[in-house]
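*Asks:* Quick one, structure_27.cif (mmCIF, C-alpha atoms and all ligand atoms):
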data_coords
loop_
_atom_site.group_PDB
_atom_site.id
_atom_site.type_symbol
_atom_site.label_atom_id
_atom_site.label_comp_id
_atom_site.auth_asym_id
_atom_site.auth_seq_id
_atom_site.Cartn_x
_atom_site.Cartn_y
_atom_site.Cartn_z
ATOM 1 C CA MET A 65 -33.263 -72.772 -188.894
ATOM 2 C CA ASP A 66 -33.267 -75.690 -191.392
ATOM 3 C CA ASP A 67 -36.205 -78.055 -191.968
ATOM 4 C CA ARG A 68 -34.343 -81.128 -190.739
ATOM 5 C CA ALA A 69 -36.124 -83.022 -187.952
ATOM 6 C CA ARG A 70 -34.428 -82.578 -184.562
ATOM 7 C CA GLN A 71 -32.612 -85.666 -183.312
ATOM 8 C CA LEU A 72 -32.898 -86.732 -179.685
ATOM 9 C CA ALA A 73 -30.546 -89.619 -178.818
ATOM 10 C CA VAL A 74 -31.294 -91.648 -175.683
ATOM 11 C CA VAL A 75 -28.278 -93.647 -174.492
ATOM 12 C CA SER A 76 -26.837 -95.316 -171.420
ATOM 13 C CA GLY A 77 -23.415 -96.394 -170.246
ATOM 14 C CA LYS A 78 -24.562 -99.980 -169.843
ATOM 15 C CA GLY A 79 -27.483 -102.173 -170.819
ATOM 16 C CA GLY A 80 -30.514 -102.738 -168.617
ATOM 17 C CA THR A 81 -30.955 -99.188 -167.317
ATOM 18 C CA GLY A 82 -34.480 -98.853 -168.745
ATOM 19 C CA LYS A 83 -33.419 -96.800 -171.759
ATOM 20 C CA THR A 84 -35.855 -98.460 -174.146
ATOM 21 C CA SER A 85 -38.772 -97.932 -171.727
ATOM 22 C CA VAL A 86 -37.836 -94.251 -171.616
ATOM 23 C CA VAL A 87 -37.716 -94.069 -175.423
ATOM 24 C CA GLY A 88 -41.115 -95.766 -175.768
ATOM 25 C CA SER A 89 -42.716 -93.345 -173.338
ATOM 26 C CA LEU A 90 -41.113 -90.247 -174.873
ATOM 27 C CA ALA A 91 -42.369 -91.430 -178.271
ATOM 28 C CA ALA A 92 -45.916 -91.735 -176.911
ATOM 29 C CA LEU A 93 -45.676 -88.181 -175.545
ATOM 30 C CA ALA A 94 -43.876 -86.545 -178.465
ATOM 31 C CA GLN A 95 -46.374 -87.063 -181.270
ATOM 32 C CA PRO A 96 -45.686 -86.684 -184.131
ATOM 33 C CA CYS A 97 -42.234 -88.227 -184.238
ATOM 34 C CA VAL A 98 -40.167 -90.935 -185.920
ATOM 35 C CA LEU A 99 -38.333 -93.621 -183.940
ATOM 36 C CA ALA A 100 -34.928 -95.132 -184.710
ATOM 37 C CA ASP A 101 -33.872 -98.322 -182.935
ATOM 38 C CA CYS A 102 -30.108 -97.950 -183.181
ATOM 39 C CA ASP A 103 -29.333 -100.661 -180.637
ATOM 40 C CA VAL A 104 -28.796 -102.884 -183.657
ATOM 41 C CA ASP A 105 -26.898 -105.627 -181.820
ATOM 42 C CA ALA A 106 -29.793 -106.151 -179.381
ATOM 43 C CA PRO A 107 -32.874 -104.329 -180.724
ATOM 44 C CA ASN A 108 -35.901 -104.453 -178.428
ATOM 45 C CA LEU A 109 -37.888 -101.291 -179.079
ATOM 46 C CA TYR A 110 -40.245 -103.500 -181.088
ATOM 47 C CA LEU A 111 -41.405 -105.040 -177.794
ATOM 48 C CA LEU A 112 -43.087 -101.742 -176.881
ATOM 49 C CA THR A 113 -44.176 -100.640 -180.335
ATOM 50 C CA GLN A 114 -45.416 -103.759 -182.173
ATOM 51 C CA PRO A 115 -44.105 -102.655 -185.582
ATOM 52 C CA GLN A 116 -45.687 -103.716 -188.873
ATOM 53 C CA VAL A 117 -43.044 -103.687 -191.613
ATOM 54 C CA ASP A 118 -43.840 -101.269 -194.473
ATOM 55 C CA ARG A 119 -40.595 -101.618 -196.405
ATOM 56 C CA GLN A 120 -37.222 -103.248 -196.103
ATOM 57 C CA GLN A 121 -33.832 -103.018 -197.750
ATOM 58 C CA GLU A 122 -30.651 -105.053 -197.717
ATOM 59 C CA PHE A 123 -27.600 -103.888 -195.813
ATOM 60 C CA TRP A 124 -24.271 -104.745 -197.420
ATOM 61 C CA GLY A 125 -22.029 -103.582 -194.603
ATOM 62 C CA SER A 126 -18.831 -105.571 -194.901
ATOM 63 C CA LYS A 127 -16.578 -107.337 -197.383
ATOM 64 C CA GLN A 128 -15.469 -110.936 -197.690
ATOM 65 C CA VAL A 129 -12.830 -112.684 -199.714
ATOM 66 C CA ARG A 130 -13.665 -114.475 -202.974
ATOM 67 C CA ARG A 131 -11.360 -116.750 -204.958
ATOM 68 C CA ASP A 132 -11.084 -116.879 -208.737
ATOM 69 C CA THR A 133 -10.360 -120.586 -209.069
ATOM 70 C CA SER A 134 -9.185 -120.155 -212.671
ATOM 71 C CA ARG A 135 -6.251 -118.079 -211.396
ATOM 72 C CA CYS A 136 -5.492 -119.943 -208.147
ATOM 73 C CA ARG A 137 -2.286 -122.065 -208.290
ATOM 74 C CA GLY A 138 -2.509 -123.254 -204.672
ATOM 75 C CA ALA A 139 0.479 -121.191 -203.510
ATOM 76 C CA GLY A 140 -0.958 -121.098 -199.957
ATOM 77 C CA GLU A 141 0.170 -117.540 -199.113
ATOM 78 C CA CYS A 142 -3.426 -116.794 -198.095
ATOM 79 C CA GLU A 143 -3.493 -119.673 -195.586
ATOM 80 C CA ARG A 144 -0.108 -118.655 -194.143
ATOM 81 C CA ARG A 145 -1.057 -114.965 -193.752
ATOM 82 C CA CYS A 146 -4.667 -115.096 -192.541
ATOM 83 C CA ARG A 147 -4.756 -114.721 -188.750
ATOM 84 C CA PHE A 148 -8.430 -115.697 -188.558
ATOM 85 C CA GLY A 149 -8.198 -119.156 -190.128
ATOM 86 C CA ALA A 150 -10.676 -117.945 -192.731
ATOM 87 C CA ILE A 151 -8.948 -119.307 -195.811
ATOM 88 C CA THR A 152 -6.869 -122.281 -196.870
ATOM 89 C CA ARG A 153 -5.292 -123.013 -200.213
ATOM 90 C CA THR A 154 -8.561 -124.735 -201.230
ATOM 91 C CA THR A 155 -11.408 -123.356 -199.069
ATOM 92 C CA GLU A 156 -12.863 -120.091 -197.710
ATOM 93 C CA ASN A 157 -14.873 -119.627 -194.507
ATOM 94 C CA PRO A 158 -16.990 -116.466 -194.992
ATOM 95 C CA ARG A 159 -18.131 -116.426 -191.343
ATOM 96 C CA ALA A 160 -14.547 -116.168 -190.117
ATOM 97 C CA CYS A 161 -13.406 -113.634 -192.741
ATOM 98 C CA GLU A 162 -12.845 -110.126 -191.351
ATOM 99 C CA GLY A 163 -12.430 -108.602 -194.795
ATOM 100 C CA CYS A 164 -8.993 -107.189 -193.960
ATOM 101 C CA GLY A 165 -7.689 -107.846 -197.478
ATOM 102 C CA LEU A 166 -4.252 -109.150 -196.448
ATOM 103 C CA CYS A 167 -4.657 -112.372 -198.438
ATOM 104 C CA VAL A 168 -5.655 -110.349 -201.493
ATOM 105 C CA LEU A 169 -2.400 -108.415 -201.279
ATOM 106 C CA ALA A 170 -0.358 -111.538 -200.538
ATOM 107 C CA CYS A 171 -1.662 -113.778 -203.323
ATOM 108 C CA PRO A 172 1.105 -114.016 -205.962
ATOM 109 C CA ASN A 173 -1.411 -114.958 -208.659
ATOM 110 C CA GLY A 174 -4.033 -112.242 -208.114
ATOM 111 C CA ALA A 175 -6.632 -114.947 -207.489
ATOM 112 C CA LEU A 176 -8.376 -113.259 -204.549
ATOM 113 C CA GLU A 177 -10.613 -110.208 -204.243
ATOM 114 C CA LEU A 178 -12.882 -108.637 -201.632
ATOM 115 C CA VAL A 179 -16.584 -108.493 -202.482
ATOM 116 C CA PRO A 180 -19.489 -106.866 -200.583
ATOM 117 C CA ALA A 181 -21.292 -109.185 -198.135
ATOM 118 C CA LEU A 182 -24.951 -109.109 -197.110
ATOM 119 C CA THR A 183 -24.768 -108.257 -193.402
ATOM 120 C CA GLY A 184 -28.382 -107.600 -192.480
ATOM 121 C CA HIS A 185 -31.609 -105.791 -193.341
ATOM 122 C CA CYS A 186 -33.069 -102.366 -192.500
ATOM 123 C CA TYR A 187 -36.796 -101.754 -192.093
ATOM 124 C CA VAL A 188 -39.284 -98.928 -191.816
ATOM 125 C CA SER A 189 -42.358 -100.062 -189.897
ATOM 126 C CA GLY A 190 -45.588 -98.530 -188.737
ATOM 127 C CA THR A 191 -46.252 -98.332 -184.966
ATOM 128 C CA PRO A 192 -48.949 -96.632 -182.865
ATOM 129 C CA TYR A 193 -46.318 -94.015 -181.936
ATOM 130 C CA GLY A 194 -45.033 -93.143 -185.400
ATOM 131 C CA PRO A 195 -42.810 -94.827 -187.990
ATOM 132 C CA LEU A 196 -39.918 -96.910 -186.660
ATOM 133 C CA ALA A 197 -36.613 -97.372 -188.508
ATOM 134 C CA HIS A 198 -34.874 -100.520 -187.317
ATOM 135 C CA ALA A 199 -32.551 -103.283 -188.445
ATOM 136 C CA ARG A 200 -31.600 -106.876 -188.034
ATOM 137 C CA LEU A 201 -28.024 -108.085 -188.364
ATOM 138 C CA ARG A 202 -27.410 -111.548 -189.780
ATOM 139 C CA PRO A 203 -25.759 -113.905 -187.268
ATOM 140 C CA GLY A 204 -22.104 -112.946 -187.123
ATOM 141 C CA GLY A 205 -22.799 -109.815 -189.182
ATOM 142 C CA GLY A 206 -20.408 -106.992 -188.330
ATOM 143 C CA ASN A 207 -20.034 -103.271 -188.910
ATOM 144 C CA SER A 208 -22.905 -102.288 -186.623
ATOM 145 C CA GLY A 209 -21.685 -98.661 -186.553
ATOM 146 C CA LYS A 210 -22.327 -98.391 -190.275
ATOM 147 C CA LEU A 211 -25.718 -100.055 -189.809
ATOM 148 C CA VAL A 212 -26.619 -97.517 -187.090
ATOM 149 C CA THR A 213 -25.800 -94.730 -189.537
ATOM 150 C CA GLU A 214 -28.036 -96.430 -192.109
ATOM 151 C CA VAL A 215 -30.938 -96.703 -189.635
ATOM 152 C CA ARG A 216 -30.558 -93.044 -188.667
ATOM 153 C CA ALA A 217 -30.554 -92.013 -192.327
ATOM 154 C CA LEU A 218 -33.757 -94.015 -192.911
ATOM 155 C CA ALA A 219 -35.395 -92.380 -189.879
ATOM 156 C CA GLN A 220 -34.383 -88.904 -191.025
ATOM 157 C CA GLU A 221 -35.647 -89.589 -194.546
ATOM 158 C CA THR A 222 -38.961 -90.848 -193.130
ATOM 159 C CA ALA A 223 -39.269 -87.777 -190.895
ATOM 160 C CA THR A 224 -38.793 -85.553 -193.942
ATOM 161 C CA GLU A 225 -41.431 -87.494 -195.915
ATOM 162 C CA ARG A 226 -43.935 -87.269 -193.039
ATOM 163 C CA ALA A 227 -42.979 -83.701 -191.997
ATOM 164 C CA ALA A 228 -42.292 -85.032 -188.485
ATOM 165 C CA PRO A 229 -40.279 -82.530 -186.427
ATOM 166 C CA LEU A 230 -38.483 -85.028 -184.190
ATOM 167 C CA VAL A 231 -36.515 -88.284 -184.447
ATOM 168 C CA ILE A 232 -36.039 -90.195 -181.183
ATOM 169 C CA ILE A 233 -33.049 -92.528 -181.277
ATOM 170 C CA ASP A 234 -32.788 -95.568 -179.010
ATOM 171 C CA GLY A 235 -29.006 -95.826 -178.865
ATOM 172 C CA PRO A 236 -26.825 -98.796 -177.969
ATOM 173 C CA PRO A 237 -25.231 -98.937 -174.522
ATOM 174 C CA GLY A 238 -21.554 -98.154 -174.046
ATOM 175 C CA ILE A 239 -19.067 -95.893 -175.784
ATOM 176 C CA GLY A 240 -18.116 -98.005 -178.811
ATOM 177 C CA CYS A 241 -18.379 -97.426 -182.528
ATOM 178 C CA SER A 242 -22.141 -97.983 -182.722
ATOM 179 C CA ALA A 243 -22.780 -95.665 -179.727
ATOM 180 C CA ILE A 244 -20.761 -92.933 -181.436
ATOM 181 C CA ALA A 245 -22.720 -93.473 -184.665
ATOM 182 C CA ALA A 246 -25.976 -93.144 -182.688
ATOM 183 C CA ILE A 247 -25.141 -89.779 -181.088
ATOM 184 C CA ALA A 248 -23.179 -88.096 -183.877
ATOM 185 C CA ASP A 249 -24.759 -84.736 -184.756
ATOM 186 C CA ALA A 250 -27.704 -85.299 -182.393
ATOM 187 C CA ASP A 251 -29.406 -82.144 -181.139
ATOM 188 C CA MET A 252 -29.524 -83.549 -177.624
ATOM 189 C CA VAL A 253 -28.216 -86.668 -175.874
ATOM 190 C CA LEU A 254 -30.281 -87.944 -172.967
ATOM 191 C CA ILE A 255 -28.302 -90.340 -170.771
ATOM 192 C CA VAL A 256 -30.218 -92.860 -168.637
ATOM 193 C CA ALA A 257 -28.416 -93.815 -165.411
ATOM 194 C CA GLU A 258 -29.262 -95.869 -162.337
ATOM 195 C CA PRO A 259 -28.221 -95.386 -158.701
ATOM 196 C CA THR A 260 -25.428 -97.961 -158.716
ATOM 197 C CA ALA A 261 -21.648 -97.679 -158.609
ATOM 198 C CA SER A 262 -21.236 -99.336 -162.023
ATOM 199 C CA SER A 263 -23.855 -97.081 -163.615
ATOM 200 C CA LEU A 264 -22.105 -93.986 -162.212
ATOM 201 C CA HIS A 265 -18.806 -95.188 -163.639
ATOM 202 C CA ASP A 266 -20.409 -95.761 -167.043
ATOM 203 C CA LEU A 267 -22.188 -92.395 -166.832
ATOM 204 C CA GLU A 268 -18.810 -90.684 -166.412
ATOM 205 C CA ARG A 269 -17.539 -92.359 -169.586
ATOM 206 C CA VAL A 270 -20.635 -91.473 -171.627
ATOM 207 C CA VAL A 271 -20.580 -87.840 -170.493
ATOM 208 C CA LYS A 272 -16.915 -87.675 -171.522
ATOM 209 C CA LEU A 273 -17.796 -89.133 -174.926
ATOM 210 C CA VAL A 274 -20.714 -86.751 -175.483
ATOM 211 C CA ARG A 275 -18.552 -83.775 -174.433
ATOM 212 C CA HIS A 276 -15.828 -84.927 -176.804
ATOM 213 C CA PHE A 277 -18.272 -84.447 -179.672
ATOM 214 C CA GLY A 278 -19.515 -81.125 -178.284
ATOM 215 C CA LEU A 279 -23.123 -82.294 -177.977
ATOM 216 C CA PRO A 280 -25.694 -81.048 -175.429
ATOM 217 C CA ALA A 281 -26.225 -83.701 -172.745
ATOM 218 C CA ALA A 282 -28.756 -84.279 -169.970
ATOM 219 C CA VAL A 283 -29.233 -87.115 -167.475
ATOM 220 C CA ILE A 284 -32.244 -89.106 -166.267
ATOM 221 C CA LEU A 285 -31.916 -91.107 -163.049
ATOM 222 C CA ASN A 286 -34.017 -94.246 -163.364
ATOM 223 C CA LYS A 287 -35.146 -96.321 -160.326
ATOM 224 C CA ALA A 288 -33.873 -93.359 -158.347
ATOM 225 C CA ASP A 289 -35.153 -94.525 -154.972
ATOM 226 C CA LEU A 290 -33.368 -97.901 -154.974
ATOM 227 C CA SER A 291 -30.243 -96.500 -153.273
ATOM 228 C CA GLU A 292 -30.161 -93.048 -151.729
ATOM 229 C CA PRO A 293 -26.340 -92.953 -151.325
ATOM 230 C CA GLN A 294 -25.780 -93.948 -154.960
ATOM 231 C CA ALA A 295 -28.502 -91.568 -156.156
ATOM 232 C CA ALA A 296 -26.731 -88.789 -154.239
ATOM 233 C CA ALA A 297 -23.476 -89.747 -155.963
ATOM 234 C CA VAL A 298 -25.120 -89.430 -159.404
ATOM 235 C CA ARG A 299 -26.651 -86.065 -158.418
ATOM 236 C CA GLY A 300 -23.247 -84.890 -157.171
ATOM 237 C CA PHE A 301 -21.551 -85.945 -160.396
ATOM 238 C CA CYS A 302 -24.131 -84.112 -162.517
ATOM 239 C CA SER A 303 -23.780 -81.004 -160.370
ATOM 240 C CA VAL A 304 -19.959 -80.968 -160.536
ATOM 241 C CA GLN A 305 -19.961 -81.683 -164.273
ATOM 242 C CA GLU A 306 -22.767 -79.170 -164.873
ATOM 243 C CA VAL A 307 -24.847 -81.739 -166.738
ATOM 244 C CA PRO A 308 -28.577 -81.128 -166.159
ATOM 245 C CA LEU A 309 -30.262 -83.915 -164.175
ATOM 246 C CA VAL A 310 -33.665 -83.477 -165.759
ATOM 247 C CA GLY A 311 -35.690 -86.041 -163.884
ATOM 248 C CA GLU A 312 -35.738 -88.903 -161.440
ATOM 249 C CA ILE A 313 -37.960 -91.885 -162.163
ATOM 250 C CA PRO A 314 -38.976 -93.882 -159.087
ATOM 251 C CA PHE A 315 -38.891 -97.662 -159.016
ATOM 252 C CA ASP A 316 -42.342 -98.656 -160.186
ATOM 253 C CA GLU A 317 -43.688 -102.172 -160.621
ATOM 254 C CA THR A 318 -45.936 -100.840 -163.365
ATOM 255 C CA VAL A 319 -42.885 -100.637 -165.645
ATOM 256 C CA PRO A 320 -42.225 -104.393 -166.055
ATOM 257 C CA LYS A 321 -45.973 -104.967 -166.290
ATOM 258 C CA ALA A 322 -46.212 -102.421 -169.113
ATOM 259 C CA VAL A 323 -43.264 -104.079 -170.894
ATOM 260 C CA SER A 324 -44.936 -107.486 -170.595
ATOM 261 C CA GLN A 325 -48.106 -105.966 -172.092
ATOM 262 C CA GLY A 326 -46.071 -104.382 -174.895
ATOM 263 C CA VAL A 327 -46.981 -100.751 -174.125
ATOM 264 C CA PRO A 328 -45.001 -97.704 -172.926
ATOM 265 C CA VAL A 329 -45.474 -97.154 -169.181
ATOM 266 C CA VAL A 330 -46.618 -93.597 -169.793
ATOM 267 C CA THR A 331 -49.827 -95.005 -171.291
ATOM 268 C CA VAL A 332 -50.695 -96.767 -168.008
ATOM 269 C CA PRO A 333 -52.866 -94.482 -165.811
ATOM 270 C CA GLY A 334 -51.619 -93.770 -162.296
ATOM 271 C CA SER A 335 -48.038 -94.947 -162.861
ATOM 272 C CA PRO A 336 -45.509 -92.921 -160.802
ATOM 273 C CA ALA A 337 -42.838 -93.685 -163.418
ATOM 274 C CA GLY A 338 -45.215 -92.448 -166.124
ATOM 275 C CA ASP A 339 -45.809 -89.209 -164.187
ATOM 276 C CA ALA A 340 -42.055 -88.648 -163.897
ATOM 277 C CA LEU A 341 -41.599 -89.291 -167.619
ATOM 278 C CA ARG A 342 -44.292 -86.718 -168.436
ATOM 279 C CA GLU A 343 -42.316 -84.091 -166.484
ATOM 280 C CA ILE A 344 -39.096 -85.169 -168.193
ATOM 281 C CA TRP A 345 -40.713 -84.824 -171.602
ATOM 282 C CA LYS A 346 -41.853 -81.279 -170.749
ATOM 283 C CA TRP A 347 -38.232 -80.401 -169.939
ATOM 284 C CA VAL A 348 -36.882 -82.050 -173.107
ATOM 285 C CA ALA A 349 -39.500 -80.404 -175.334
ATOM 286 C CA ARG A 350 -38.639 -77.032 -173.791
ATOM 287 C CA ALA A 351 -34.899 -77.589 -174.153
ATOM 288 C CA LEU A 352 -35.235 -78.612 -177.792
ATOM 289 C CA GLY A 353 -37.065 -75.333 -178.212
ATOM 290 C CA ALA A 354 -40.214 -74.350 -180.020
ATOM 291 C CA ASP A 355 -38.036 -73.656 -183.057
ATOM 292 C CA GLY A 356 -36.114 -76.885 -182.549
ATOM 293 C CA SER A 357 -32.895 -75.226 -181.366
ATOM 294 C CA PRO A 358 -31.461 -76.835 -178.238
ATOM 295 C CA SER A 359 -30.786 -74.367 -175.476
ATOM 296 C CA LEU A 360 -28.409 -76.688 -173.595
ATOM 297 C CA SER A 361 -24.679 -76.137 -173.718
HETATM 298 S S1 LIG B 401 -9.569 -110.976 -196.116
HETATM 299 FE FE1 LIG B 401 -8.355 -111.131 -194.199
HETATM 300 S S2 LIG B 401 -9.665 -112.309 -192.816
HETATM 301 FE FE2 LIG B 401 -10.512 -112.652 -194.873
HETATM 302 S S3 LIG B 401 -9.502 -114.512 -195.587
HETATM 303 FE FE3 LIG B 401 -8.231 -112.786 -196.306
HETATM 304 S S4 LIG B 401 -6.647 -112.521 -194.711
HETATM 305 FE FE4 LIG B 401 -8.295 -113.794 -193.825
#
Represent the structure of the file as structure tokens.
Ligand code: SF4

*Replies:*
Amino acid sequence: MDDRARQLAVVSGKGGTGKTSVVGSLAALAQPCVLADCDVDAPNLYLLTQPQVDRQQEFWGSKQVRRDTSRCRGAGECERRCRFGAITRTTENPRACEGCGLCVLACPNGALELVPALTGHCYVSGTPYGPLAHARLRPGGGNSGKLVTEVRALAQETATERAAPLVIIDGPPGIGCSAIAAIADADMVLIVAEPTASSLHDLERVVKLVRHFGLPAAVILNKADLSEPQAAAVRGFCSVQEVPLVGEIPFDETVPKAVSQGVPVVTVPGSPAGDALREIWKWVARALGADGSPSLS
């Protein structure tokens, strides 16, 4: 077994399933651990963890065109070729530039080049539940998959520095580039679903994605008692697909109250959702194994 901290990725097929509440509670139960908010397009783990920034670094995640005016002869090939309206024979619009490089190739005078662009910032912050690696994209900043990888690397580095055995990743919803970056090489992927038809559909897609990468997966059913027929459909899917359904969290009005107070629900005494999350954490801790090796397949 290597010394690398184990990586638990918590994801969902769509937003609004309660994934971040689950992450906050698991973090409160899993001490010591390091958190990684990899939902970089819509980060909100800070709402439950009240981070205080310890250090920050720039993220240069994309490229934009730059003109050498001493070489430009106003040929206009750039304006004719750019499909994004990002350049004319006299001006550049960095916000519209996708960094594809076509104008650079097309310019007959070699007057254009691609240069790195500042896309956002990454942070490591202190929270009551362990260090949090997170990020902020600049408005219009792209390449969030690369930024997710950067945040995960920061979290892993911090875990090594602090000798923390576990990194808990709050992943983005969906099955896109940033979701793939959030689960890649994780030791376990915990998928949060709800008892609705759309959530079941999204769950099917996420399970397919996780299987594609050969990662161990497990499912949590949140607000499980809101629809018995839909909850039964999620249970049936997990059974047929042989994906462990490791816990069902009941609808609990304590959850939004805890969010509004900025604390994980598991810290609120007497919360039924908190009780369910404690049982789920026992299962996850067992499955990750005392030696950190996941026993799921
Ligand atoms: S790099 Fe691509 S998107 Fe940017 S100005 Fe050139 S052609 Fe347009």

*Asks:* For stretch 312-316 of chain A, find every residue with an atom within 7 Å (counting all atoms listed in the file), except residues of its own chain fewer than 6 positions away, and show them as a ChimeraX atom specification.

*Replies:* /A:284-290,336-337,340

*Asks:* Residue by residue, what does the PyMOL selection byres (((chain A and resi 154) around 12) and not hetatm) grab here? Present the result as JSON, numbers by chain.

*Replies:* {"A": [130, 131, 132, 133, 136, 137, 138, 139, 140, 141, 142, 143, 150, 151, 152, 153, 155, 156, 157, 175, 176]}

*Asks:* If the PyMOL selection byres (((chain A and resi 234-244) around 8) and not hetatm) were run on this exact file, what residues would it hold? Put them as number ranges by chain.

*Replies:* A: 73-79, 83-84, 87, 99-105, 109, 208-210, 212, 232-233, 245-248, 266, 269-270, 273

*Asks:* Which protein, DNA or RNA residues have an atom within 7 Å of ligand LIG 401 (chain B), counting all atoms listed in the file, as an mmCIF file with C-alpha atoms, in the frame of the given file?

*Replies:*
data_model
loop_
_atom_site.group_PDB
_atom_site.id
_atom_site.type_symbol
_atom_site.label_atom_id
_atom_site.label_comp_id
_atom_site.auth_asym_id
_atom_site.auth_seq_id
_atom_site.Cartn_x
_atom_site.Cartn_y
_atom_site.Cartn_z
ATOM 1 C CA GLN A 128 -15.469 -110.936 -197.690
ATOM 2 C CA VAL A 129 -12.830 -112.684 -199.714
ATOM 3 C CA CYS A 142 -3.426 -116.794 -198.095
ATOM 4 C CA ARG A 145 -1.057 -114.965 -193.752
ATOM 5 C CA CYS A 146 -4.667 -115.096 -192.541
ATOM 6 C CA ARG A 147 -4.756 -114.721 -188.750
ATOM 7 C CA PHE A 148 -8.430 -115.697 -188.558
ATOM 8 C CA GLY A 149 -8.198 -119.156 -190.128
ATOM 9 C CA ALA A 150 -10.676 -117.945 -192.731
ATOM 10 C CA ILE A 151 -8.948 -119.307 -195.811
ATOM 11 C CA GLU A 156 -12.863 -120.091 -197.710
ATOM 12 C CA ALA A 160 -14.547 -116.168 -190.117
ATOM 13 C CA CYS A 161 -13.406 -113.634 -192.741
ATOM 14 C CA GLU A 162 -12.845 -110.126 -191.351
ATOM 15 C CA GLY A 163 -12.430 -108.602 -194.795
ATOM 16 C CA CYS A 164 -8.993 -107.189 -193.960
ATOM 17 C CA GLY A 165 -7.689 -107.846 -197.478
ATOM 18 C CA LEU A 166 -4.252 -109.150 -196.448
ATOM 19 C CA CYS A 167 -4.657 -112.372 -198.438
ATOM 20 C CA VAL A 168 -5.655 -110.349 -201.493
ATOM 21 C CA LEU A 178 -12.882 -108.637 -201.632
#

*Asks:* Need to verify the contact set: A:Leu230, 9 Å, all atoms listed in the file, exclusion of same-chain residues closer than 5 positions in sequence. Can you return it as a PyMOL selection string?

*Replies:* chain A and resi 68-72+94-99+220+223+356

*Asks:* Given the file shown, determine the residues that the PyMOL selection byres (((chain A and resi 116-119) around 10) and not hetatm) selects; report them as a PyMOL selection string.

*Replies:* chain A and resi 110+113-115+120-121+186-192+195-198

*Asks:* Go ahead and write the residues just picked, C-alpha atoms, as a PDB file, in the frame of the given file.

*Replies:*
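Output (part-v5.pdb):
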ATOM      1  CA  TYR A 110     -40.245-103.500-181.088  1.00  0.00           C
ATOM      2  CA  THR A 113     -44.176-100.640-180.335  1.00  0.00           C
ATOM      3  CA  GLN A 114     -45.416-103.759-182.173  1.00  0.00           C
ATOM      4  CA  PRO A 115     -44.105-102.655-185.582  1.00  0.00           C
ATOM      5  CA  GLN A 120     -37.222-103.248-196.103  1.00  0.00           C
ATOM      6  CA  GLN A 121     -33.832-103.018-197.750  1.00  0.00           C
ATOM      7  CA  CYS A 186     -33.069-102.366-192.500  1.00  0.00           C
ATOM      8  CA  TYR A 187     -36.796-101.754-192.093  1.00  0.00           C
ATOM      9  CA  VAL A 188     -39.284 -98.928-191.816  1.00  0.00           C
ATOM     10  CA  SER A 189     -42.358-100.062-189.897  1.00  0.00           C
ATOM     11  CA  GLY A 190     -45.588 -98.530-188.737  1.00  0.00           C
ATOM     12  CA  THR A 191     -46.252 -98.332-184.966  1.00  0.00           C
ATOM     13  CA  PRO A 192     -48.949 -96.632-182.865  1.00  0.00           C
ATOM     14  CA  PRO A 195     -42.810 -94.827-187.990  1.00  0.00           C
ATOM     15  CA  LEU A 196     -39.918 -96.910-186.660  1.00  0.00           C
ATOM     16  CA  ALA A 197     -36.613 -97.372-188.508  1.00  0.00           C
ATOM     17  CA  HIS A 198     -34.874-100.520-187.317  1.00  0.00           C
TER      18      HIS A 198
END

*Asks:* Which polymer residues have any atom within 12 Å of an atom of A:Gly278, counting all atoms listed in the file, with same-chain residues fewer than 5 positions away left out, as a VMD selection string?

*Replies:* chain A and resid 247 to 253 271 to 273 360 to 361

*Asks:* To one decimal place in Å, what is the distance between atom CA of A:Val215 and atom CA of A:Pro308?

*Replies:*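 Distance reported for this atom pair: 28.3 Å.
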